[in-house]
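A.B. asks: Here you go, one structure.
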Amino acid sequence: MATGDISGWGVSARAEIDAQDMSSADLQIDANNADVDVAARLTASAGGAFSVRSAEITKGFDANGARVTVTPRMNLEENDRDVVINYSNDNTNVKLTASADNQEVTISQQVDGDNRIAPTINNQGDISVEWERRLSDDSSLTATLMPNDNLNVEWRDAAWTANVNMPIDGTNINGANVSIKRDVSF
């Protein structure tokens, strides 16, 4: 990873190269300027030819004590374009993600110091509800219910994360998938 400042912009670039195939690299370039409250990310491939895979720019501003960010995104590989608008004020956060075909809104409310609830609805009529419970400074339990689809429970405890995903069919819960992982830093 390389980092530096260019005319007030903090810029970092990272490349990932497959040791088995040194002919191409995946690139990620991030730039941000706190003075104008703008951040940008470009993901590309380099090798025989330079090819941009995705790009996004985030512009933020303060509005009557609230924080608003607008992020247009383009995924050129999948020909997807959308915009994410985020509004945050005290204990409430509203996130709208919209493209030509799909729209989704999440309203997140920090109920108290340890509990947060966030219902989500999209233009297809799909609804989900997420509940997060802080157990300690580095431990939390998050349950996400998607009716007639699944219940996902994630338990984070410092470097450990356990996930349980249970498919729901009507009133039946079948075939739970369980995974446990630990983050290790060297």
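Here, A, B, ... name the chains of the structure tokens in the order displayed, residue numbers run from 1 inside each chain, and ligands are numbered from 1 in the same displayed order.
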Need the shell around Glu16 of chain A: protein/DNA/RNA residues with any atom at most 12 Å away, counting only C-alpha atoms. Skip same-chain ones fewer than 5 positions apart. Format as a list in words?
C.D. replies: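 Neighbouring residues, sequence-local ones excluded: Met1, Asp21, Met22, Ser23, Ser24, Ala25, Asp26, Leu27, Gln28, Ile29, Thr43, Ala44, Ser45, Ala46 and Gly47 of chain A.
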A.B. asks: As a VMD selection string, please: every residue in chain A that a backbone DSSP assignment puts in strand (DSSP E or B).
C.D. replies: chain A and resid 2 to 6 9 to 18 21 to 33 38 to 46 51 to 63 66 to 75 80 to 89 92 to 99 103 to 110 115 to 122 127 to 136 139 to 146 150 to 157 160 to 169 172 to 173 177 to 182
A.B. asks: With distances taken over only C-alpha atoms, which residue among A:Thr161, A:Asn122, A:Arg81, A:Gly170 lies nearest Asp183 of chain A?
C.D. replies: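 Among the listed residues, A:Thr161 lies closest to Asp183 of chain A.
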A.B. asks: Give me the residues within 9 Å of segment 87-95 of chain A as a PyMOL selection string, counting only C-alpha atoms and dropping any in the same chain fewer than 2 places off.
C.D. replies: chain A and resi 65-69+84-85+97+104-112+118
A.B. asks: Quick one: everything within 10 Å of Gly175 of chain A, counting only C-alpha atoms, minus sequence neighbours fewer than 3 positions away in the same chain. Send it as a VMD selection string.
C.D. replies: chain A and resid 165 to 168 178
A.B. asks: Can I get the selected residues back with N, CA, C and O atoms, as a tab-separated table (two decimals), in the first residue's frame?
C.D. replies:
chain	number	residue	atom	x	y	z
A	165	ASN	N	-27.20	-19.05	10.62
A	165	ASN	CA	-28.21	-18.69	9.63
A	165	ASN	C	-29.22	-19.82	9.56
A	165	ASN	O	-28.85	-20.96	9.28
A	166	MET	N	-30.48	-19.48	9.82
A	166	MET	CA	-31.53	-20.48	9.84
A	166	MET	C	-32.58	-20.15	8.79
A	166	MET	O	-33.29	-19.14	8.92
A	167	PRO	N	-32.69	-20.95	7.73
A	167	PRO	CA	-33.74	-20.72	6.73
A	167	PRO	C	-35.12	-20.89	7.34
A	167	PRO	O	-35.34	-21.78	8.17
A	168	ILE	N	-36.05	-20.02	6.95
A	168	ILE	CA	-37.42	-20.07	7.47
A	168	ILE	C	-38.36	-20.34	6.30
A	168	ILE	O	-38.30	-19.66	5.28
A	178	VAL	N	-23.93	-22.90	10.63
A	178	VAL	CA	-23.17	-22.28	11.71
A	178	VAL	C	-21.73	-22.09	11.27
A	178	VAL	O	-21.13	-22.99	10.68
A.B. asks: Mind pulling up the distance from atom CA of Ala40 of chain A to atom CA of Val70 of chain A?
C.D. replies: 11.7 Å
A.B. asks: In Å, how far is it from atom CA of Ser7 of chain A to atom CA of Ala39 of chain A?
C.D. replies: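 Here the two named atoms are 14.1 Å from each other.
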A.B. asks: Tell me which protein, DNA and RNA residues are within 8 Å of Asp82 of chain A, counting only C-alpha atoms, leaving out same-chain ones fewer than 6 positions away, and put them as a list in words.
C.D. replies: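 Counting only C-alpha atoms, the residues come to Pro72, Arg73, Met74, Thr97, Ala98, Ser99 and Ala100 of chain A.
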A.B. asks: Write the residues of the selection above to a file with all heavy atoms, as a PDB file, in the first residue's frame.
C.D. replies:
ATOM      1  N   PRO A  72     -23.009   8.525  -5.193  1.00  0.00           N
ATOM      2  CA  PRO A  72     -23.310   7.828  -6.448  1.00  0.00           C
ATOM      3  C   PRO A  72     -22.255   6.740  -6.685  1.00  0.00           C
ATOM      4  O   PRO A  72     -21.069   6.953  -6.429  1.00  0.00           O
ATOM      5  CB  PRO A  72     -23.229   8.930  -7.505  1.00  0.00           C
ATOM      6  CG  PRO A  72     -22.450  10.030  -6.870  1.00  0.00           C
ATOM      7  CD  PRO A  72     -22.531   9.869  -5.398  1.00  0.00           C
ATOM      8  N   ARG A  73     -22.707   5.554  -7.127  1.00  0.00           N
ATOM      9  CA  ARG A  73     -21.804   4.420  -7.358  1.00  0.00           C
ATOM     10  C   ARG A  73     -22.045   3.834  -8.738  1.00  0.00           C
ATOM     11  O   ARG A  73     -23.183   3.787  -9.204  1.00  0.00           O
ATOM     12  CB  ARG A  73     -22.030   3.325  -6.316  1.00  0.00           C
ATOM     13  CG  ARG A  73     -21.921   3.799  -4.897  1.00  0.00           C
ATOM     14  CD  ARG A  73     -22.080   2.699  -3.888  1.00  0.00           C
ATOM     15  NE  ARG A  73     -23.380   2.042  -3.964  1.00  0.00           N
ATOM     16  CZ  ARG A  73     -23.823   1.146  -3.087  1.00  0.00           C
ATOM     17  NH1 ARG A  73     -23.067   0.807  -2.074  1.00  0.00           N
ATOM     18  NH2 ARG A  73     -25.012   0.598  -3.216  1.00  0.00           N
ATOM     19  N   MET A  74     -20.955   3.373  -9.359  1.00  0.00           N
ATOM     20  CA  MET A  74     -21.044   2.695 -10.653  1.00  0.00           C
ATOM     21  C   MET A  74     -20.237   1.408 -10.581  1.00  0.00           C
ATOM     22  O   MET A  74     -19.071   1.433 -10.190  1.00  0.00           O
ATOM     23  CB  MET A  74     -20.468   3.558 -11.776  1.00  0.00           C
ATOM     24  CG  MET A  74     -21.234   4.800 -12.054  1.00  0.00           C
ATOM     25  SD  MET A  74     -20.656   5.734 -13.524  1.00  0.00           S
ATOM     26  CE  MET A  74     -18.918   5.453 -13.572  1.00  0.00           C
ATOM     27  N   THR A  97     -31.086   3.599  -0.602  1.00  0.00           N
ATOM     28  CA  THR A  97     -30.281   3.113  -1.720  1.00  0.00           C
ATOM     29  C   THR A  97     -31.223   2.964  -2.904  1.00  0.00           C
ATOM     30  O   THR A  97     -32.240   2.277  -2.804  1.00  0.00           O
ATOM     31  CB  THR A  97     -29.625   1.761  -1.392  1.00  0.00           C
ATOM     32  OG1 THR A  97     -28.864   1.894  -0.199  1.00  0.00           O
ATOM     33  CG2 THR A  97     -28.727   1.296  -2.526  1.00  0.00           C
ATOM     34  N   ALA A  98     -30.903   3.625  -4.019  1.00  0.00           N
ATOM     35  CA  ALA A  98     -31.822   3.617  -5.163  1.00  0.00           C
ATOM     36  C   ALA A  98     -31.080   3.474  -6.476  1.00  0.00           C
ATOM     37  O   ALA A  98     -30.066   4.122  -6.710  1.00  0.00           O
ATOM     38  CB  ALA A  98     -32.645   4.902  -5.174  1.00  0.00           C
ATOM     39  N   SER A  99     -31.611   2.598  -7.324  1.00  0.00           N
ATOM     40  CA  SER A  99     -31.166   2.476  -8.708  1.00  0.00           C
ATOM     41  C   SER A  99     -32.420   2.564  -9.567  1.00  0.00           C
ATOM     42  O   SER A  99     -33.526   2.727  -9.058  1.00  0.00           O
ATOM     43  CB  SER A  99     -30.447   1.141  -8.936  1.00  0.00           C
ATOM     44  OG  SER A  99     -31.359   0.065  -8.832  1.00  0.00           O
ATOM     45  N   ALA A 100     -32.264   2.406 -10.874  1.00  0.00           N
ATOM     46  CA  ALA A 100     -33.429   2.468 -11.763  1.00  0.00           C
ATOM     47  C   ALA A 100     -34.419   1.348 -11.454  1.00  0.00           C
ATOM     48  O   ALA A 100     -35.624   1.523 -11.581  1.00  0.00           O
ATOM     49  CB  ALA A 100     -32.973   2.388 -13.215  1.00  0.00           C
TER      50      ALA A 100
END
A.B. asks: Go through A:Asp138, A:Asp30, A:Glu56, A:Asp62 one by one, measure the shortest atom-to-atom distance of each to Ala2 of chain A using only C-alpha atoms, and give the residue with the smallest value.
C.D. replies: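 Checking each of A:Asp138, A:Asp30, A:Glu56, A:Asp62 against Ala2 of chain A, counting only C-alpha atoms, the winner is A:Asp30.
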A.B. asks: Report, in Å with one decimal, the straight-line distance from atom CA of Ile127 of chain A to atom CA of Ala162 of chain A.
C.D. replies: 24.1 Å
A.B. asks: Do a neighbour search on Gly10 of chain A at 6 Å with only C-alpha atoms, toss out local chain neighbours closer than 4 positions, and write the hits as JSON, numbers by chain.
C.D. replies: {"A": [4, 5, 31, 32]}
A.B. asks: So that I can see what lies close to Leu145 of chain A, please list as a PDB file with C-alpha atoms, in the first residue's frame the residues with an atom at most 9 Å from it, counting only C-alpha atoms and leaving out residues fewer than 3 positions away in the same chain.
C.D. replies:
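Done, and the output landed in around22.pdb:
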ATOM      1  CA  ILE A 127     -39.128  -6.436   4.827  1.00  0.00           C
ATOM      2  CA  SER A 128     -36.370  -7.247   7.303  1.00  0.00           C
ATOM      3  CA  VAL A 129     -35.715  -6.205  10.879  1.00  0.00           C
ATOM      4  CA  GLU A 130     -32.296  -6.046  12.514  1.00  0.00           C
ATOM      5  CA  TRP A 131     -31.789  -5.838  16.275  1.00  0.00           C
ATOM      6  CA  ASN A 148     -40.382 -16.379   5.171  1.00  0.00           C
ATOM      7  CA  ASP A 149     -36.666 -16.326   4.278  1.00  0.00           C
ATOM      8  CA  ASN A 150     -34.201 -16.600   7.155  1.00  0.00           C
ATOM      9  CA  LEU A 151     -33.068 -15.591  10.615  1.00  0.00           C
ATOM     10  CA  ASN A 152     -29.409 -14.680  10.903  1.00  0.00           C
ATOM     11  CA  VAL A 153     -27.734 -14.276  14.300  1.00  0.00           C
TER      12      VAL A 153
END
